[in-house]
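Participant: Structure: my_file_18.txt, compact mmCIF, N, CA and C atoms.
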# COMPACT_ATOMS: atom_id res chain seq x y z
N MET A 1 7.19 0.52 14.26
CA MET A 1 6.13 -0.23 14.90
C MET A 1 6.37 -1.74 14.78
N ARG A 2 7.62 -2.09 14.61
CA ARG A 2 7.97 -3.51 14.52
C ARG A 2 7.53 -4.23 15.80
N ASN A 3 6.97 -5.42 15.61
CA ASN A 3 6.54 -6.27 16.73
C ASN A 3 5.45 -5.65 17.59
N ALA A 4 4.78 -4.61 17.12
CA ALA A 4 3.71 -3.96 17.89
C ALA A 4 2.54 -4.93 18.10
N GLN A 5 1.92 -4.85 19.24
CA GLN A 5 0.75 -5.66 19.57
C GLN A 5 -0.47 -4.75 19.53
N LEU A 6 -1.15 -4.71 18.38
CA LEU A 6 -2.28 -3.81 18.18
C LEU A 6 -3.59 -4.56 18.02
N GLY A 7 -3.66 -5.76 18.57
CA GLY A 7 -4.87 -6.56 18.46
C GLY A 7 -6.07 -5.84 19.02
N VAL A 8 -7.18 -5.94 18.35
CA VAL A 8 -8.48 -5.33 18.64
C VAL A 8 -8.42 -3.80 18.80
N ALA A 9 -7.35 -3.17 18.35
CA ALA A 9 -7.26 -1.70 18.42
C ALA A 9 -8.20 -1.09 17.39
N ASP A 10 -8.73 0.08 17.71
CA ASP A 10 -9.54 0.83 16.76
C ASP A 10 -8.62 1.77 16.01
N LEU A 11 -8.25 1.37 14.79
CA LEU A 11 -7.33 2.15 13.97
C LEU A 11 -8.08 2.83 12.82
N THR A 12 -9.35 3.12 13.06
CA THR A 12 -10.18 3.81 12.07
C THR A 12 -9.50 5.11 11.65
N THR A 13 -9.31 5.28 10.36
CA THR A 13 -8.68 6.44 9.71
C THR A 13 -7.24 6.71 10.18
N ALA A 14 -6.59 5.72 10.78
CA ALA A 14 -5.20 5.91 11.23
C ALA A 14 -4.27 6.08 10.03
N CYS A 15 -3.29 6.93 10.17
CA CYS A 15 -2.29 7.13 9.13
C CYS A 15 -1.08 6.26 9.47
N LEU A 16 -0.98 5.12 8.81
CA LEU A 16 0.14 4.20 8.98
C LEU A 16 0.98 4.18 7.72
N GLU A 17 0.92 5.25 6.96
CA GLU A 17 1.66 5.37 5.72
C GLU A 17 3.15 5.21 5.99
N SER A 18 3.78 4.33 5.22
CA SER A 18 5.22 4.04 5.31
C SER A 18 5.62 3.41 6.64
N ALA A 19 4.68 2.92 7.41
CA ALA A 19 4.99 2.29 8.70
C ALA A 19 5.67 0.94 8.47
N ASN A 20 6.61 0.62 9.35
CA ASN A 20 7.24 -0.69 9.33
C ASN A 20 6.47 -1.55 10.34
N LEU A 21 5.59 -2.39 9.82
CA LEU A 21 4.76 -3.25 10.68
C LEU A 21 5.26 -4.69 10.65
N THR A 22 6.55 -4.87 10.49
CA THR A 22 7.15 -6.19 10.47
C THR A 22 6.84 -6.92 11.77
N ARG A 23 6.27 -8.11 11.65
CA ARG A 23 5.90 -8.99 12.77
C ARG A 23 4.92 -8.36 13.75
N ALA A 24 4.21 -7.34 13.32
CA ALA A 24 3.19 -6.72 14.18
C ALA A 24 1.93 -7.58 14.17
N SER A 25 1.19 -7.53 15.25
CA SER A 25 -0.09 -8.23 15.35
C SER A 25 -1.22 -7.23 15.38
N LEU A 26 -2.08 -7.33 14.37
CA LEU A 26 -3.27 -6.49 14.30
C LEU A 26 -4.51 -7.39 14.30
N ARG A 27 -4.43 -8.49 15.01
CA ARG A 27 -5.53 -9.45 15.08
C ARG A 27 -6.78 -8.78 15.62
N GLY A 28 -7.83 -8.77 14.80
CA GLY A 28 -9.10 -8.22 15.23
C GLY A 28 -9.17 -6.70 15.23
N ALA A 29 -8.14 -6.02 14.77
CA ALA A 29 -8.14 -4.56 14.75
C ALA A 29 -9.14 -4.04 13.72
N ASN A 30 -9.71 -2.87 14.00
CA ASN A 30 -10.61 -2.21 13.05
C ASN A 30 -9.76 -1.27 12.20
N LEU A 31 -9.67 -1.57 10.90
CA LEU A 31 -8.82 -0.81 9.99
C LEU A 31 -9.64 -0.01 8.98
N PHE A 32 -10.84 0.41 9.36
CA PHE A 32 -11.71 1.17 8.47
C PHE A 32 -11.01 2.44 8.02
N GLN A 33 -10.78 2.57 6.74
CA GLN A 33 -10.13 3.71 6.11
C GLN A 33 -8.74 4.02 6.66
N ALA A 34 -8.08 3.04 7.26
CA ALA A 34 -6.70 3.24 7.70
C ALA A 34 -5.79 3.28 6.48
N ASP A 35 -4.83 4.17 6.48
CA ASP A 35 -3.91 4.33 5.35
C ASP A 35 -2.66 3.51 5.60
N LEU A 36 -2.51 2.41 4.84
CA LEU A 36 -1.34 1.55 4.94
C LEU A 36 -0.49 1.64 3.68
N SER A 37 -0.64 2.73 2.94
CA SER A 37 0.13 2.87 1.71
C SER A 37 1.63 2.93 2.04
N MET A 38 2.41 2.27 1.22
CA MET A 38 3.87 2.21 1.33
C MET A 38 4.35 1.51 2.62
N ALA A 39 3.48 0.81 3.31
CA ALA A 39 3.85 0.14 4.56
C ALA A 39 4.60 -1.16 4.29
N LEU A 40 5.47 -1.53 5.22
CA LEU A 40 6.14 -2.83 5.17
C LEU A 40 5.31 -3.80 6.00
N LEU A 41 4.75 -4.80 5.33
CA LEU A 41 3.87 -5.77 6.00
C LEU A 41 4.52 -7.15 5.90
N ILE A 42 5.60 -7.31 6.62
CA ILE A 42 6.38 -8.55 6.59
C ILE A 42 6.04 -9.36 7.84
N GLU A 43 5.49 -10.55 7.64
CA GLU A 43 5.05 -11.42 8.72
C GLU A 43 4.08 -10.70 9.66
N THR A 44 3.31 -9.78 9.09
CA THR A 44 2.29 -9.05 9.85
C THR A 44 1.04 -9.91 9.96
N ASN A 45 0.39 -9.89 11.11
CA ASN A 45 -0.78 -10.72 11.35
C ASN A 45 -2.04 -9.86 11.38
N PHE A 46 -2.86 -9.98 10.32
CA PHE A 46 -4.13 -9.28 10.23
C PHE A 46 -5.32 -10.23 10.47
N ALA A 47 -5.07 -11.40 11.05
CA ALA A 47 -6.13 -12.38 11.25
C ALA A 47 -7.32 -11.74 11.97
N SER A 48 -8.50 -11.96 11.44
CA SER A 48 -9.75 -11.45 12.00
C SER A 48 -9.85 -9.93 12.03
N ALA A 49 -8.95 -9.23 11.34
CA ALA A 49 -9.03 -7.76 11.29
C ALA A 49 -10.33 -7.36 10.58
N ILE A 50 -10.87 -6.25 10.98
CA ILE A 50 -12.15 -5.77 10.45
C ILE A 50 -11.87 -4.64 9.45
N ASN A 51 -12.61 -4.65 8.35
CA ASN A 51 -12.55 -3.58 7.34
C ASN A 51 -11.17 -3.44 6.69
N PHE A 52 -10.51 -4.57 6.42
CA PHE A 52 -9.21 -4.54 5.76
C PHE A 52 -9.27 -5.37 4.49
N ASN A 53 -8.87 -4.76 3.37
CA ASN A 53 -8.84 -5.46 2.09
C ASN A 53 -7.62 -4.99 1.32
N ILE A 54 -6.74 -5.89 0.96
CA ILE A 54 -5.49 -5.50 0.31
C ILE A 54 -5.67 -4.95 -1.09
N SER A 55 -6.86 -5.04 -1.65
CA SER A 55 -7.04 -4.54 -3.01
C SER A 55 -7.46 -3.07 -3.05
N TYR A 56 -7.70 -2.46 -1.94
CA TYR A 56 -8.13 -1.06 -1.90
C TYR A 56 -6.95 -0.11 -1.97
N GLU A 57 -7.23 1.15 -2.25
CA GLU A 57 -6.20 2.17 -2.36
C GLU A 57 -5.38 2.34 -1.09
N ASN A 58 -5.93 1.98 0.04
CA ASN A 58 -5.23 2.21 1.31
C ASN A 58 -3.98 1.36 1.50
N THR A 59 -3.69 0.47 0.54
CA THR A 59 -2.46 -0.32 0.60
C THR A 59 -1.59 -0.08 -0.63
N ASP A 60 -1.79 1.03 -1.33
CA ASP A 60 -1.01 1.33 -2.52
C ASP A 60 0.47 1.44 -2.17
N GLY A 61 1.28 0.67 -2.85
CA GLY A 61 2.71 0.70 -2.60
C GLY A 61 3.17 -0.12 -1.41
N ALA A 62 2.26 -0.82 -0.75
CA ALA A 62 2.63 -1.64 0.41
C ALA A 62 3.37 -2.90 -0.05
N PHE A 63 4.26 -3.39 0.79
CA PHE A 63 5.05 -4.58 0.51
C PHE A 63 4.58 -5.71 1.43
N PHE A 64 4.08 -6.78 0.84
CA PHE A 64 3.57 -7.94 1.59
C PHE A 64 4.54 -9.10 1.47
N TRP A 65 4.84 -9.73 2.59
CA TRP A 65 5.65 -10.95 2.57
C TRP A 65 5.31 -11.76 3.81
N LYS A 66 4.81 -12.97 3.58
CA LYS A 66 4.39 -13.86 4.67
C LYS A 66 3.38 -13.18 5.59
N THR A 67 2.45 -12.45 4.99
CA THR A 67 1.45 -11.68 5.74
C THR A 67 0.18 -12.49 5.92
N ILE A 68 -0.31 -12.60 7.15
CA ILE A 68 -1.56 -13.31 7.43
C ILE A 68 -2.71 -12.34 7.24
N LEU A 69 -3.60 -12.69 6.30
CA LEU A 69 -4.73 -11.84 5.98
C LEU A 69 -5.92 -12.12 6.90
N PRO A 70 -6.92 -11.23 6.93
CA PRO A 70 -8.05 -11.39 7.85
C PRO A 70 -8.76 -12.74 7.76
N ASP A 71 -8.81 -13.34 6.57
CA ASP A 71 -9.49 -14.63 6.43
C ASP A 71 -8.61 -15.82 6.80
N GLY A 72 -7.38 -15.54 7.26
CA GLY A 72 -6.47 -16.60 7.69
C GLY A 72 -5.52 -17.08 6.60
N THR A 73 -5.73 -16.67 5.36
CA THR A 73 -4.80 -17.05 4.31
C THR A 73 -3.51 -16.25 4.46
N VAL A 74 -2.46 -16.78 3.84
CA VAL A 74 -1.16 -16.12 3.94
C VAL A 74 -0.76 -15.59 2.56
N GLU A 75 -0.45 -14.32 2.51
CA GLU A 75 0.10 -13.71 1.30
C GLU A 75 1.59 -14.00 1.36
N VAL A 76 2.01 -15.08 0.65
CA VAL A 76 3.39 -15.54 0.76
C VAL A 76 4.36 -14.52 0.21
N GLY A 77 4.04 -13.99 -0.96
CA GLY A 77 4.87 -12.94 -1.56
C GLY A 77 6.28 -13.39 -1.88
N PRO A 78 7.20 -12.49 -1.99
CA PRO A 78 6.96 -11.07 -1.76
C PRO A 78 6.08 -10.47 -2.82
N ARG A 79 5.28 -9.50 -2.42
CA ARG A 79 4.37 -8.83 -3.34
C ARG A 79 4.32 -7.35 -3.00
N TYR A 80 4.47 -6.59 -4.05
CA TYR A 80 4.40 -5.13 -3.94
C TYR A 80 3.03 -4.73 -4.48
N ASN A 81 2.21 -4.11 -3.67
CA ASN A 81 0.85 -3.76 -4.07
C ASN A 81 0.86 -2.40 -4.76
N SER A 82 0.67 -2.43 -6.09
CA SER A 82 0.68 -1.15 -6.81
C SER A 82 -0.62 -0.91 -7.54
Just give me the structure of the file as structure tokens.
Facilitator:
Amino acid sequence: MRNAQLGVADLTTACLESANLTRASLRGANLFQADLSMALLIETNFASAINFNISYENTDGAFFWKTILPDGTVEVGPRYNS
């Protein structure tokens, strides 16, 4: 799913486990209970995403690097979420 354009998509309960979301745009996407465990989130854009929090179980084992978070801050990383 590299470079995917998923802005404003409804990804409620989507299984994105181990997905490569490098440079993907999820701007404004609804990520309620989406499983992003073990995902590669390199330069991924979550700006304005709804229901996304990197501290929840749904990102267990995910790798963050230069990731734009919903509040506009950048997780510079690299960081492995365990």
Participant: Output as a list in words all residues of chain A that backbone DSSP marks as strand (DSSP E).
Facilitator: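 Across chain A, those assigned strand (DSSP E) are Leu40, Leu41, Ile42, Phe63, Phe64, Trp65, Thr67, Ile68, Val74, Glu75, Arg79 and Tyr80 of chain A.
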Participant: Output, as lines of an AutoDock Vina configuration file, the centre and edge lengths in Å (one decimal) of the axis-aligned box that contains all listed atoms of segment 25-38 of chain A with 3 Å of margin on each side.
Facilitator:
center_x = -3.7
center_y = -2.6
center_z = 8.4
size_x = 22.1
size_y = 19.8
size_z = 20.4
Participant: Up to 5 Å from (-1.4, -1.3, -3.5) in the file's coordinates: name the residues, counting only N, CA and C atoms, as a ChimeraX atom specification.
Facilitator: /A:59-62,81-82
Participant: Closest to Glu43 of chain A among A:Asn58, A:Lys66, A:Thr73, A:Leu21, using only C-alpha atoms?
Facilitator: A:Lys66
Participant: Identify which of the residues A:Ser18, A:Thr12, A:Asn45, A:Asn53 lies closest to Gln33 of chain A, counting only N, CA and C atoms when measuring atom-to-atom distances.
Facilitator: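 Of A:Ser18, A:Thr12, A:Asn45, A:Asn53, the one nearest Gln33 of chain A is A:Thr12, counting only N, CA and C atoms.
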Participant: Between atom CA of Leu40 of chain A and atom CA of Asp71 of chain A, measure the distance and give it in Å to one decimal.
Facilitator: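 That distance, rounded to one decimal, is 19.6 Å.
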Participant: Just give me the residues with any atom within 12 Å of (-13.3, -7.3, 8.6), file coordinates, counting only C-alpha atoms, written as a list of chain:residue names.
Facilitator: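 Residues close enough to count: A:Val8, A:Leu26, A:Arg27, A:Gly28, A:Ala29, A:Asn30, A:Leu31, A:Phe32, A:Gln33, A:Phe46, A:Ala47, A:Ser48, A:Ala49, A:Ile50, A:Asn51, A:Phe52, A:Asn53, A:Ile54, A:Leu69, A:Pro70, A:Asp71, A:Gly72.
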Participant: Can you work out the spacing between atom CA of Phe64 of chain A and atom CA of Ala9 of chain A in Å, to one decimal?
Facilitator: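 Atom-to-atom, atom CA of Phe64 of chain A to atom CA of Ala9 of chain A, that is 21.0 Å.
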Participant: When distances are computed from only C-alpha atoms, which of A:Ser37, A:Glu57, A:Thr13, A:Asn3 shows the smallest separation from Ser25 of chain A?
Facilitator: A:Asn3
Participant: Please report the interatomic distance between atom CA of Leu6 of chain A and atom C of Met38 of chain A in Å with one decimal.
Facilitator: 17.7 Å
Participant: With a distance cut-off of 7 Å and only N, CA and C atoms, select the neighbouring residues of Arg23 of chain A, excluding the residue or stretch itself and same-chain residues fewer than 3 positions from it, and output the selection as a ChimeraX atom specification.
Facilitator: /A:1-4,20,41-45
Participant: Can you tell me which residues surround Pro78 of chain A at a distance of at most 6 Å, considering only N, CA and C atoms, apart from same-chain residues fewer than 2 positions away, and format the answer as a VMD selection string?
Facilitator: chain A and resid 64 to 65 76 80
